[in-house]
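Data block for my_file05.cif (mmCIF, C-alpha atoms):
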data_data
#
loop_
_atom_site.label_atom_id
_atom_site.label_comp_id
_atom_site.auth_asym_id
_atom_site.auth_seq_id
_atom_site.Cartn_x
_atom_site.Cartn_y
_atom_site.Cartn_z
CA MET A 23 33.64 -18.37 2.58
CA LYS A 24 30.32 -16.64 3.16
CA LYS A 25 27.28 -18.81 2.49
CA LEU A 26 25.20 -17.55 -0.42
CA ARG A 27 21.57 -16.86 0.33
CA LYS A 28 18.76 -18.54 -1.58
CA ILE A 29 15.94 -16.06 -2.07
CA ILE A 30 12.65 -16.39 -3.91
CA HIS A 31 10.50 -13.47 -5.00
CA VAL A 32 6.89 -14.50 -5.61
CA ASP A 33 4.68 -12.12 -7.58
CA MET A 34 1.03 -12.98 -8.21
CA ASP A 35 0.05 -12.46 -11.84
CA ALA A 36 -2.51 -9.64 -12.34
CA PHE A 37 -3.62 -10.35 -8.79
CA TYR A 38 -6.72 -8.19 -8.30
CA ALA A 39 -8.04 -8.92 -11.79
CA SER A 40 -7.28 -12.63 -11.37
CA VAL A 41 -9.25 -12.76 -8.11
CA GLU A 42 -12.23 -11.13 -9.84
CA ILE A 43 -12.08 -13.72 -12.63
CA LEU A 44 -11.72 -16.51 -10.05
CA ASP A 45 -14.91 -15.35 -8.35
CA ASN A 46 -16.80 -14.86 -11.63
CA GLN A 47 -15.82 -17.38 -14.30
CA GLU A 48 -17.89 -15.48 -16.90
CA LEU A 49 -15.03 -12.95 -16.94
CA LYS A 50 -12.51 -15.57 -18.06
CA GLY A 51 -10.79 -14.65 -21.32
CA LYS A 52 -12.10 -11.07 -21.19
CA ALA A 53 -10.37 -7.77 -20.69
CA VAL A 54 -10.88 -6.99 -16.99
CA ILE A 55 -9.76 -3.76 -15.35
CA VAL A 56 -9.90 -3.21 -11.60
CA GLY A 57 -9.94 0.43 -10.58
CA GLY A 58 -12.11 3.49 -10.92
CA SER A 59 -14.92 4.16 -13.34
CA PRO A 60 -13.90 5.21 -16.89
CA GLN A 61 -15.71 8.48 -16.19
CA SER A 62 -13.72 9.11 -13.00
CA ARG A 63 -10.28 10.51 -12.30
CA GLY A 64 -9.31 7.15 -10.82
CA VAL A 65 -6.46 4.94 -11.97
CA VAL A 66 -6.08 1.27 -12.87
CA CYS A 67 -5.20 -0.97 -9.92
CA ALA A 68 -4.79 -4.11 -12.02
CA ALA A 69 -5.55 -5.36 -15.52
CA SER A 70 -5.96 -8.86 -16.91
CA TYR A 71 -3.50 -9.94 -19.58
CA GLU A 72 -6.26 -9.58 -22.17
CA ALA A 73 -6.49 -5.89 -21.26
CA ARG A 74 -2.72 -5.49 -21.18
CA LYS A 75 -2.59 -6.39 -24.88
CA PHE A 76 -4.18 -2.98 -25.49
CA GLY A 77 -1.52 -1.14 -23.49
CA VAL A 78 -3.47 -1.00 -20.23
CA HIS A 79 -1.32 -1.15 -17.10
CA SER A 80 -1.52 -0.28 -13.42
CA ALA A 81 -1.52 3.43 -12.51
CA LEU A 82 -2.89 4.35 -15.96
CA ALA A 83 -5.82 6.77 -15.80
CA CYS A 84 -9.09 4.84 -16.14
CA SER A 85 -10.29 7.27 -18.78
CA GLU A 86 -7.21 6.46 -20.88
CA ALA A 87 -7.64 2.73 -20.20
CA TYR A 88 -11.17 3.00 -21.60
CA ARG A 89 -9.90 4.83 -24.65
CA ARG A 90 -7.37 2.08 -25.33
CA CYS A 91 -9.71 -0.79 -24.50
CA PRO A 92 -13.36 0.34 -24.75
CA LYS A 93 -14.71 -3.23 -24.47
CA ALA A 94 -13.00 -3.82 -21.13
CA ILE A 95 -15.05 -4.66 -18.06
CA PHE A 96 -14.32 -2.14 -15.28
CA LEU A 97 -14.74 -3.36 -11.71
CA PRO A 98 -14.26 -1.56 -8.38
CA PRO A 99 -11.57 -3.05 -6.12
CA ARG A 100 -12.58 -5.38 -3.27
CA PHE A 101 -9.63 -5.11 -0.94
CA GLU A 102 -11.08 -7.27 1.82
CA ARG A 103 -11.36 -10.16 -0.63
CA TYR A 104 -7.81 -9.60 -1.87
CA LYS A 105 -6.55 -9.58 1.74
CA GLU A 106 -8.37 -12.86 2.37
CA ILE A 107 -6.63 -14.55 -0.58
CA SER A 108 -3.29 -12.94 0.30
CA LYS A 109 -3.51 -14.45 3.79
CA LYS A 110 -3.96 -17.94 2.29
CA ILE A 111 -0.92 -17.40 0.06
CA ASN A 112 1.20 -16.28 3.00
CA GLU A 113 0.17 -19.42 4.89
CA ILE A 114 1.64 -21.43 2.00
CA PHE A 115 4.90 -19.46 2.26
CA ARG A 116 5.13 -20.25 5.98
CA ARG A 117 5.25 -23.98 5.26
CA TYR A 118 8.63 -23.46 3.65
CA SER A 119 10.26 -20.62 5.61
CA ASP A 120 9.93 -18.35 8.62
CA LEU A 121 11.79 -15.60 6.76
CA ILE A 122 9.08 -13.89 4.70
CA GLU A 123 9.03 -10.21 3.76
CA PRO A 124 5.76 -9.09 2.14
CA LEU A 125 6.00 -6.08 -0.16
CA SER A 126 2.25 -5.86 -0.77
CA LEU A 127 -0.79 -8.13 -0.93
CA ASP A 128 0.50 -9.82 -4.07
CA GLU A 129 4.27 -10.15 -3.68
CA ALA A 130 6.87 -11.21 -1.15
CA TRP A 131 10.47 -12.24 -0.69
CA ILE A 132 11.13 -15.62 0.93
CA ASP A 133 14.55 -16.69 2.22
CA VAL A 134 14.80 -20.46 1.74
CA THR A 135 18.53 -20.82 2.43
CA ASP A 136 17.71 -23.01 5.44
CA ASN A 137 14.09 -23.80 4.65
CA LEU A 138 11.71 -25.69 6.92
CA LYS A 139 11.53 -28.73 4.63
CA GLY A 140 15.30 -29.10 4.27
CA ILE A 141 15.11 -28.88 0.48
CA PRO A 142 18.54 -28.05 -1.01
CA SER A 143 17.21 -26.56 -4.26
CA ALA A 144 15.60 -23.12 -4.09
CA THR A 145 14.28 -23.66 -7.61
CA TRP A 146 12.44 -26.77 -6.45
CA VAL A 147 10.99 -24.86 -3.49
CA ALA A 148 9.74 -22.15 -5.86
CA MET A 149 8.12 -24.78 -8.08
CA GLN A 150 6.34 -26.28 -5.09
CA ILE A 151 5.13 -22.89 -3.85
CA LYS A 152 3.72 -22.05 -7.28
CA LYS A 153 2.03 -25.45 -7.44
CA ASP A 154 0.54 -25.07 -3.95
CA ILE A 155 -0.79 -21.60 -4.74
CA PHE A 156 -2.53 -22.83 -7.89
CA THR A 157 -3.93 -25.95 -6.24
CA GLU A 158 -5.27 -24.17 -3.18
CA THR A 159 -6.39 -20.81 -4.59
CA GLY A 160 -6.75 -21.35 -8.34
CA LEU A 161 -4.42 -18.41 -8.99
CA ILE A 162 -1.16 -18.22 -10.92
CA ALA A 163 2.10 -16.83 -9.59
CA SER A 164 5.46 -16.04 -11.12
CA ALA A 165 8.68 -16.53 -9.18
CA GLY A 166 12.26 -15.35 -9.38
CA VAL A 167 15.09 -17.21 -7.68
CA SER A 168 18.53 -15.82 -6.94
CA PHE A 169 21.15 -15.15 -4.28
CA ASN A 170 19.89 -11.68 -3.29
CA LYS A 171 16.67 -9.70 -3.11
CA PHE A 172 17.37 -7.42 -6.07
CA LEU A 173 18.05 -10.22 -8.54
CA ALA A 174 15.17 -12.37 -7.27
CA LYS A 175 12.72 -9.50 -7.77
CA ILE A 176 14.01 -8.70 -11.25
CA ALA A 177 13.90 -12.41 -12.17
CA SER A 178 10.24 -12.80 -11.16
CA ASP A 179 9.27 -10.38 -13.94
CA GLU A 180 11.28 -12.10 -16.67
CA ASP A 181 8.87 -14.82 -17.73
CA LYS A 182 5.35 -13.66 -16.85
CA PRO A 183 2.72 -14.99 -16.55
CA ASP A 184 3.24 -18.29 -14.72
CA GLY A 185 6.99 -17.85 -14.93
CA LEU A 186 9.93 -19.27 -13.04
CA PHE A 187 13.27 -17.61 -13.74
CA VAL A 188 16.55 -18.39 -11.97
CA VAL A 189 19.63 -16.17 -11.80
CA THR A 190 22.57 -18.16 -10.45
CA PRO A 191 25.89 -16.55 -9.44
CA GLN A 192 27.32 -17.89 -12.71
CA LYS A 193 24.54 -16.39 -14.84
CA ALA A 194 24.36 -13.06 -13.00
CA PRO A 195 27.14 -11.14 -14.84
CA ASP A 196 25.69 -11.73 -18.31
CA PHE A 197 22.15 -11.22 -17.06
CA LEU A 198 23.07 -7.84 -15.56
CA LYS A 199 24.93 -6.70 -18.66
CA SER A 200 21.82 -7.15 -20.79
CA LEU A 201 19.40 -5.75 -18.19
CA PRO A 202 17.57 -2.57 -19.31
CA VAL A 203 18.33 0.04 -16.65
CA LYS A 204 14.66 1.06 -16.56
CA LYS A 205 13.97 -2.28 -14.83
CA ILE A 206 16.18 -1.41 -11.86
CA PRO A 207 14.01 -0.58 -8.81
CA GLY A 208 14.29 3.13 -8.09
CA VAL A 209 14.75 4.10 -11.73
CA GLY A 210 11.55 5.89 -12.67
CA LYS A 211 10.67 8.04 -15.67
CA VAL A 212 12.75 11.04 -14.62
CA THR A 213 15.85 9.03 -13.72
CA GLY A 214 15.39 6.87 -16.81
CA ALA A 215 15.36 9.99 -18.98
CA ARG A 216 18.54 11.26 -17.31
CA LEU A 217 20.27 7.92 -17.87
CA SER A 218 19.16 7.84 -21.52
CA LYS A 219 20.52 11.35 -22.01
CA GLU A 220 23.89 10.03 -20.82
CA GLY A 221 23.69 7.11 -23.26
CA ILE A 222 22.99 4.59 -20.50
CA PHE A 223 20.36 2.07 -21.59
CA LEU A 224 21.65 -1.34 -20.46
CA GLY A 225 23.58 -2.69 -17.53
CA ALA A 226 26.63 -2.93 -19.77
CA ASP A 227 26.53 0.87 -20.17
CA LEU A 228 26.53 1.34 -16.39
CA LEU A 229 29.34 -1.16 -15.93
CA ARG A 230 31.63 0.96 -18.10
CA LEU A 231 31.46 3.85 -15.63
CA ARG A 232 33.59 4.12 -12.50
CA LEU A 233 32.07 4.80 -9.09
CA ASP A 234 33.35 8.39 -9.00
CA GLN A 235 31.91 9.07 -12.46
CA LEU A 236 28.44 7.84 -11.47
CA GLN A 237 28.59 9.76 -8.21
CA ALA A 238 29.54 12.93 -10.05
CA LYS A 239 26.61 12.54 -12.44
CA PHE A 240 23.93 11.16 -10.09
CA GLY A 241 25.06 11.64 -6.48
CA LYS A 242 23.78 8.99 -4.06
CA LEU A 243 21.81 7.35 -6.85
CA GLY A 244 25.09 6.86 -8.70
CA THR A 245 26.52 4.92 -5.75
CA TYR A 246 23.41 2.71 -5.69
CA LEU A 247 23.57 2.07 -9.43
CA TYR A 248 27.27 1.23 -9.31
CA TYR A 249 26.84 -1.56 -6.78
CA ILE A 250 23.41 -2.88 -7.76
CA ILE A 251 24.38 -3.46 -11.40
CA ARG A 252 27.24 -5.60 -10.10
CA GLY A 253 24.71 -7.73 -8.26
CA GLU A 254 25.79 -6.46 -4.85
CA ASP A 255 22.79 -6.41 -2.52
CA ASN A 256 23.36 -7.45 1.08
CA ARG A 257 19.87 -6.71 2.36
CA GLU A 258 18.36 -9.48 4.47
CA VAL A 259 14.80 -10.71 4.15
CA LYS A 260 13.07 -9.02 7.08
CA THR A 261 9.99 -10.60 8.59
CA SER A 262 8.42 -7.22 9.37
CA ARG A 263 8.47 -4.02 7.39
CA ILE A 264 8.31 -0.85 9.46
CA SER A 265 6.25 1.94 7.93
CA LYS A 266 8.35 5.05 7.44
CA SER A 267 5.25 7.21 7.18
CA ILE A 268 1.48 7.15 7.23
CA GLY A 269 -0.37 9.26 4.73
CA MET A 270 -3.56 10.03 2.85
CA GLU A 271 -4.16 11.53 -0.59
CA ASN A 272 -7.30 12.74 -2.30
CA THR A 273 -7.46 13.06 -6.09
CA PHE A 274 -10.51 15.16 -6.92
CA SER A 275 -13.12 14.19 -9.49
CA GLU A 276 -12.61 17.66 -10.98
CA ASP A 277 -9.93 20.29 -10.48
CA LEU A 278 -10.84 22.56 -7.59
CA GLY A 279 -10.42 26.27 -7.19
CA GLN A 280 -8.99 27.64 -3.98
CA GLY A 281 -12.06 28.06 -1.81
CA PRO A 282 -14.41 26.41 0.69
CA ARG A 283 -14.70 23.13 -1.22
CA LEU A 284 -10.93 22.68 -0.99
CA VAL A 285 -11.08 23.38 2.74
CA GLU A 286 -13.82 20.76 3.08
CA LYS A 287 -11.64 18.21 1.26
CA MET A 288 -8.80 18.94 3.66
CA GLY A 289 -11.15 18.21 6.55
CA TYR A 290 -11.95 14.77 5.11
CA LEU A 291 -8.24 14.14 4.57
CA LEU A 292 -7.43 14.99 8.18
CA GLU A 293 -10.20 12.73 9.41
CA GLY A 294 -8.83 9.83 7.35
CA LEU A 295 -5.27 10.43 8.55
CA TYR A 296 -6.46 10.57 12.15
CA LYS A 297 -8.16 7.16 11.80
CA ARG A 298 -5.06 5.61 10.22
CA LEU A 299 -2.85 6.90 13.02
CA GLN A 300 -5.22 5.52 15.62
CA LYS A 301 -5.33 2.12 13.93
CA ALA A 302 -1.53 1.97 13.58
CA GLU A 303 -1.07 3.30 17.14
CA LYS A 304 1.70 5.60 15.93
CA GLN A 305 2.79 9.20 16.36
CA GLY A 306 5.33 11.14 14.33
CA ARG A 307 7.48 14.24 14.24
CA THR A 308 7.46 15.19 10.53
CA ILE A 309 4.32 16.43 8.75
CA THR A 310 4.23 16.95 4.97
CA LEU A 311 1.61 18.56 2.75
CA LYS A 312 1.52 17.75 -0.98
CA VAL A 313 -0.42 19.85 -3.47
CA LYS A 314 -0.68 18.72 -7.11
CA PHE A 315 -2.01 21.19 -9.65
CA ALA A 316 -4.11 20.70 -12.77
CA ASP A 317 -0.98 20.67 -14.96
CA PHE A 318 0.44 17.80 -12.81
CA THR A 319 3.18 19.94 -11.29
CA GLN A 320 3.31 19.71 -7.54
CA ILE A 321 4.84 21.24 -4.44
CA THR A 322 5.44 19.82 -0.97
CA ARG A 323 5.79 21.66 2.28
CA GLY A 324 6.96 19.99 5.46
CA SER A 325 7.96 20.60 9.04
CA THR A 326 9.81 18.51 11.64
CA SER A 327 9.37 18.90 15.38
CA HIS A 328 11.66 17.78 18.19
CA LYS A 329 8.66 16.02 19.79
CA HIS A 330 5.69 13.96 18.69
CA LEU A 331 3.02 16.08 17.03
CA ASP A 332 -0.46 15.86 18.51
CA PHE A 333 -3.35 15.98 16.10
CA GLU A 334 -4.22 19.58 16.87
CA GLU A 335 -0.71 20.56 15.72
CA ILE A 336 -1.06 18.44 12.58
CA GLN A 337 -4.39 20.08 11.81
CA THR A 338 -3.03 23.59 12.34
CA PHE A 339 -0.04 22.88 10.08
CA ALA A 340 -2.26 21.44 7.33
CA TYR A 341 -4.61 24.41 7.15
CA ASP A 342 -1.87 27.01 7.61
CA LYS A 343 0.31 25.55 4.85
CA LEU A 344 -2.63 25.07 2.50
CA MET A 345 -3.58 28.72 2.99
CA GLN A 346 0.02 29.79 2.39
CA VAL A 347 0.22 27.80 -0.84
CA CYS A 348 -3.12 29.00 -2.12
CA GLN A 349 -2.88 32.65 -1.15
CA LYS A 350 0.82 33.36 -1.69
CA GLU A 351 2.73 30.68 -3.61
CA ALA A 352 0.21 29.54 -6.22
CA ALA A 353 -2.68 31.96 -6.08
CA GLY A 354 -5.47 31.20 -8.54
CA ARG A 355 -4.16 27.83 -9.71
CA LYS A 356 -6.56 24.89 -9.96
CA ILE A 357 -5.73 21.93 -7.74
CA ARG A 358 -6.00 18.25 -8.70
CA LEU A 359 -4.82 16.52 -5.51
CA ILE A 360 -3.89 17.20 -1.91
CA GLY A 361 -2.09 14.80 0.40
CA LEU A 362 -0.88 14.67 4.00
CA SER A 363 1.67 12.33 5.54
CA LEU A 364 3.27 11.93 8.94
CA GLY A 365 6.84 10.63 9.18
CA ASN A 366 9.50 9.87 11.79
CA LEU A 367 7.00 7.46 13.32
CA ASP A 368 7.17 6.00 16.78
CA LEU A 369 4.86 4.27 19.23
CA PRO A 370 2.60 6.84 20.89
CA GLN A 371 1.42 7.40 24.39
CA GLY A 372 -2.00 8.02 22.93
CA VAL A 373 -3.28 10.01 19.95
CA ALA A 374 -4.57 13.43 20.86
CA LYS A 375 -7.87 15.06 19.98
CA ALA A 376 -9.84 14.03 16.95
CA PRO A 377 -9.82 16.55 14.07
CA SER A 378 -12.10 19.54 14.40
CA ASN A 379 -13.33 22.10 11.92
CA GLU A 380 -12.13 25.16 13.83
CA GLN A 381 -9.38 25.92 11.30
CA LEU A 382 -11.98 26.53 8.59
CA ASP A 383 -12.43 30.06 9.95
CA LEU A 384 -8.95 30.91 8.65
CA PHE A 385 -10.30 30.98 5.11
CA SER A 386 -12.52 33.56 3.54
CA TRP A 387 -12.08 32.57 -0.09
CA GLN A 388 -14.83 32.68 -2.66
CA ALA A 389 -16.60 29.40 -3.35
CA SER A 390 -14.94 27.38 -6.09
#
As structure tokens, how would this structure be written, given the file I've shared?
Amino acid sequence: MKKLRKIIHVDMDAFYASVEILDNQELKGKAVIVGGSPQSRGVVCAASYEARKFGVHSALACSEAYRRCPKAIFLPPRFERYKEISKKINEIFRRYSDLIEPLSLDEAWIDVTDNLKGIPSATWVAMQIKKDIFTETGLIASAGVSFNKFLAKIASDEDKPDGLFVVTPQKAPDFLKSLPVKKIPGVGKVTGARLSKEGIFLGADLLRLRLDQLQAKFGKLGTYLYYIIRGEDNREVKTSRISKSIGMENTFSEDLGQGPRLVEKMGYLLEGLYKRLQKAEKQGRTITLKVKFADFTQITRGSTSHKHLDFEEIQTFAYDKLMQVCQKEAAGRKIRLIGLSLGNLDLPQGVAKAPSNEQLDLFSWQAS
């Protein structure tokens, strides 16, 4: 009989906001929002639980967050400080296991099946980790414990803040039946709306459908939903996560017309992407341009090469495709965001030339 894994998912509660409160106790008990200015086009990175009572959540536009909670204190993010605290938390994890898979600065999976302290109970290990985090950093974490990554992650969100929720193999079937499908990773707004249209709201609704029925309705997603709602997730906790792509996006403070200012923004984007590629020491074969318009619709244009793209080729693609979009496909439309990403990554033999401004001569648009 195959040995069941014991996996913990630790998720720091309102991490960025909690660090700000930790460093400034005068903020304790107040609505704190980390992100952009209320007057900007930025979004919320994190919100204290006092702010969440007003419907503020991550990825919400800061202007809307201000409308919902005008007395909130808005703070810019301090990522170096968050990385510093995250490093301390990961050092705590390493006391218990060598199998740690970070998802971000504030959450990670930990496989404690054969943990370093020889503790038989994963629940007890989770309790100790939570206690150590609070004692050594002053911050609160929630944890989910189960026999696979999917259930552990879902469980960590069940009893926030300062929660500890366990899904055993015996409890899993009933837990999954009552699980709202919108909580399943990979089910966003669009997929959630499609599922609702089909009358699928809970795990029990998914369980009534056969594999072929879900595949017919949702394709590959249907296959994923069929197995995941049955608690079947064989993914191992991996100690390193390989980036599938490296990218940059720029959301403008105001919608831009299609002219020199947009070209200038593309130049900054290319410069940022170049620096990220140098730091990661990676090259790639697939380049993708994303353009989001003022009405939030977007288009992407990509190209894959049989060889690694040097930066001159990336730069040429970016300007050529942007010109094609702006002059032919969406002429006259205001643009909210542009993004560039490089995929099919591999170790390089050296990144080519730094970005230049030569491609700007391709454009002769009127100033926006």
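Distance check against A:Glu106 using all atoms listed in the file: of A:Val41, A:Leu367, A:Leu229, A:Leu125, the minimum falls on A:Val41.
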| query | What lies within 8 Å of A:Thr310 using all atoms listed in the file, ignoring chain neighbours under 6 positions off, as a ChimeraX atom specification? | reply | /A:322-325,362-364
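We find atom CA of A:Ser62 and atom CA of A:Ser275 to be spaced 6.2 Å apart.
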| Matched chain/residue IDs from the PyMOL selection byres ((chain A and resi 78) around 9), as a PyMOL selection string | chain A and resi 55+66+68-71+73-77+79-80+82+86-88+90-91
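What the PyMOL selection byres ((chain A and resi 204-210) around 9) grabs from this file is Phe172, Ile176, Leu201, Pro202, Val203, Lys211, Val212, Thr213, Gly214, Ala215, Leu217, Phe223, Leu224, Leu243, Leu247, Ile250 and Ile251 of chain A.
Each of A:Phe169, A:Phe156, A:Tyr246, A:Phe187 was checked against A:Leu228 using all atoms listed in the file; the smallest atom-to-atom distance is that of A:Tyr246.
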| task | I need the residue set behind the PyMOL selection byres ((chain A and resi 365) around 12) for this file; please write it as a list in words. | result |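 Expected selection for the PyMOL selection byres ((chain A and resi 365) around 12) here is Ile264, Ser265, Lys266, Ser267, Ile268, Gly269, Leu299, Lys304, Gln305, Gly306, Arg307, Thr308, Ile309, Thr310, Leu311, Gly324, Ser325, Thr326, Ser327, His330, Leu331, Ile336, Leu362, Ser363, Leu364, Asn366, Leu367 and Asp368 of chain A.
Separating atom CA of A:Glu334 from atom CA of A:Phe315 is a distance of 26.7 Å.
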| message | Would you compute the distance between atom CA of A:Gly166 and atom CA of A:Val32? Give it in Å to one decimal. | response | 6.6 Å
| field | Sel. within 10 Å of pt (-13.2, 1.9, -10.5), counting all atoms listed in the file, output as a PyMOL selection string | value | chain A and resi 55-67+84+96-99
| said: Restricting the calculation to all atoms listed in the file: of A:Ser178, A:Gln349, A:Thr145, A:Asn137, which residue gets closest to A:Ser164? | reply: A:Ser178
| query | Which residue out of A:Val313, A:Ile162, A:Leu127, A:Ile114 has the minimum interatomic distance to A:Val147 when all atoms listed in the file are used? | reply |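 Result for the nearest residue to A:Val147: A:Ile114.
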| task | Skip A:Lys25 itself and residues of its chain fewer than 3 positions away, then list as an MDAnalysis selection string all residues within 12 Å of it, counting only C-alpha atoms. | result | chainID A and resid 28 135:136 169:170
| field | Expected residue set, 7 Å radius at (-7.8, 20.4, -12.4), all atoms listed in the file, as number ranges by chain | value | A: 276-278, 315-316, 356-358
Could you save the residues just selected, with C-alpha atoms, as a tab-separated table (two decimals), keeping the file's coordinate frame?
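For reference, again-v4.tsv as written:
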chain	number	residue	atom	x	y	z
A	276	GLU	CA	-12.61	17.66	-10.98
A	277	ASP	CA	-9.93	20.29	-10.48
A	278	LEU	CA	-10.84	22.56	-7.59
A	315	PHE	CA	-2.01	21.19	-9.65
A	316	ALA	CA	-4.11	20.70	-12.77
A	356	LYS	CA	-6.56	24.89	-9.96
A	357	ILE	CA	-5.73	21.93	-7.74
A	358	ARG	CA	-6.00	18.25	-8.70
Missing atoms in stretch 89-96 of chain A: can you complete it with all heavy atoms, as a PDB file, keeping the file's coordinate frame?
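part.pdb, written as the output of this step:
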ATOM      1  N   ARG A  89     -10.186   4.432 -23.276  1.00  0.00           N
ATOM      2  CA  ARG A  89      -9.900   4.830 -24.650  1.00  0.00           C
ATOM      3  C   ARG A  89      -9.127   3.748 -25.388  1.00  0.00           C
ATOM      4  O   ARG A  89      -9.402   3.462 -26.554  1.00  0.00           O
ATOM      5  CB  ARG A  89      -9.101   6.138 -24.668  1.00  0.00           C
ATOM      6  CG  ARG A  89      -8.950   6.778 -26.033  1.00  0.00           C
ATOM      7  CD  ARG A  89      -7.977   7.931 -26.027  1.00  0.00           C
ATOM      8  NE  ARG A  89      -6.609   7.480 -25.807  1.00  0.00           N
ATOM      9  CZ  ARG A  89      -5.853   6.929 -26.764  1.00  0.00           C
ATOM     10  NH1 ARG A  89      -6.337   6.755 -27.996  1.00  0.00           N
ATOM     11  NH2 ARG A  89      -4.619   6.553 -26.497  1.00  0.00           N
ATOM     12  N   ARG A  90      -8.178   3.137 -24.701  1.00  0.00           N
ATOM     13  CA  ARG A  90      -7.370   2.080 -25.330  1.00  0.00           C
ATOM     14  C   ARG A  90      -8.120   0.761 -25.461  1.00  0.00           C
ATOM     15  O   ARG A  90      -7.865  -0.002 -26.386  1.00  0.00           O
ATOM     16  CB  ARG A  90      -6.097   1.856 -24.501  1.00  0.00           C
ATOM     17  CG  ARG A  90      -5.164   3.052 -24.432  1.00  0.00           C
ATOM     18  CD  ARG A  90      -3.886   2.721 -23.667  1.00  0.00           C
ATOM     19  NE  ARG A  90      -3.061   3.911 -23.488  1.00  0.00           N
ATOM     20  CZ  ARG A  90      -1.838   3.895 -22.980  1.00  0.00           C
ATOM     21  NH1 ARG A  90      -1.297   2.741 -22.587  1.00  0.00           N
ATOM     22  NH2 ARG A  90      -1.153   5.017 -22.834  1.00  0.00           N
ATOM     23  N   CYS A  91      -9.015   0.499 -24.506  1.00  0.00           N
ATOM     24  CA  CYS A  91      -9.710  -0.790 -24.500  1.00  0.00           C
ATOM     25  C   CYS A  91     -11.173  -0.570 -24.130  1.00  0.00           C
ATOM     26  O   CYS A  91     -11.607  -0.867 -23.008  1.00  0.00           O
ATOM     27  CB  CYS A  91      -9.028  -1.739 -23.508  1.00  0.00           C
ATOM     28  SG  CYS A  91      -9.617  -3.432 -23.560  1.00  0.00           S
ATOM     29  N   PRO A  92     -11.970  -0.033 -25.055  1.00  0.00           N
ATOM     30  CA  PRO A  92     -13.360   0.340 -24.750  1.00  0.00           C
ATOM     31  C   PRO A  92     -14.259  -0.841 -24.397  1.00  0.00           C
ATOM     32  O   PRO A  92     -15.306  -0.662 -23.774  1.00  0.00           O
ATOM     33  CB  PRO A  92     -13.835   1.039 -26.028  1.00  0.00           C
ATOM     34  CG  PRO A  92     -12.901   0.564 -27.097  1.00  0.00           C
ATOM     35  CD  PRO A  92     -11.594   0.333 -26.434  1.00  0.00           C
ATOM     36  N   LYS A  93     -13.877  -2.063 -24.769  1.00  0.00           N
ATOM     37  CA  LYS A  93     -14.710  -3.230 -24.470  1.00  0.00           C
ATOM     38  C   LYS A  93     -14.348  -3.870 -23.126  1.00  0.00           C
ATOM     39  O   LYS A  93     -14.916  -4.893 -22.739  1.00  0.00           O
ATOM     40  CB  LYS A  93     -14.561  -4.274 -25.583  1.00  0.00           C
ATOM     41  CG  LYS A  93     -15.145  -3.822 -26.917  1.00  0.00           C
ATOM     42  CD  LYS A  93     -15.085  -4.915 -27.962  1.00  0.00           C
ATOM     43  CE  LYS A  93     -15.712  -4.468 -29.270  1.00  0.00           C
ATOM     44  NZ  LYS A  93     -15.649  -5.537 -30.309  1.00  0.00           N
ATOM     45  N   ALA A  94     -13.414  -3.269 -22.425  1.00  0.00           N
ATOM     46  CA  ALA A  94     -13.000  -3.820 -21.130  1.00  0.00           C
ATOM     47  C   ALA A  94     -14.133  -3.742 -20.115  1.00  0.00           C
ATOM     48  O   ALA A  94     -15.006  -2.872 -20.181  1.00  0.00           O
ATOM     49  CB  ALA A  94     -11.780  -3.072 -20.611  1.00  0.00           C
ATOM     50  N   ILE A  95     -14.098  -4.653 -19.178  1.00  0.00           N
ATOM     51  CA  ILE A  95     -15.050  -4.660 -18.060  1.00  0.00           C
ATOM     52  C   ILE A  95     -14.366  -4.005 -16.863  1.00  0.00           C
ATOM     53  O   ILE A  95     -13.349  -4.515 -16.372  1.00  0.00           O
ATOM     54  CB  ILE A  95     -15.483  -6.092 -17.719  1.00  0.00           C
ATOM     55  CG1 ILE A  95     -16.182  -6.717 -18.935  1.00  0.00           C
ATOM     56  CG2 ILE A  95     -16.393  -6.109 -16.498  1.00  0.00           C
ATOM     57  CD1 ILE A  95     -16.391  -8.217 -18.808  1.00  0.00           C
ATOM     58  N   PHE A  96     -14.896  -2.884 -16.407  1.00  0.00           N
ATOM     59  CA  PHE A  96     -14.320  -2.140 -15.280  1.00  0.00           C
ATOM     60  C   PHE A  96     -15.005  -2.572 -13.988  1.00  0.00           C
ATOM     61  O   PHE A  96     -16.238  -2.574 -13.897  1.00  0.00           O
ATOM     62  CB  PHE A  96     -14.481  -0.632 -15.484  1.00  0.00           C
ATOM     63  CG  PHE A  96     -13.541  -0.058 -16.501  1.00  0.00           C
ATOM     64  CD1 PHE A  96     -13.788  -0.198 -17.866  1.00  0.00           C
ATOM     65  CD2 PHE A  96     -12.396   0.625 -16.110  1.00  0.00           C
ATOM     66  CE1 PHE A  96     -12.926   0.331 -18.811  1.00  0.00           C
ATOM     67  CE2 PHE A  96     -11.520   1.161 -17.042  1.00  0.00           C
ATOM     68  CZ  PHE A  96     -11.790   1.003 -18.396  1.00  0.00           C
TER      69      PHE A  96
END
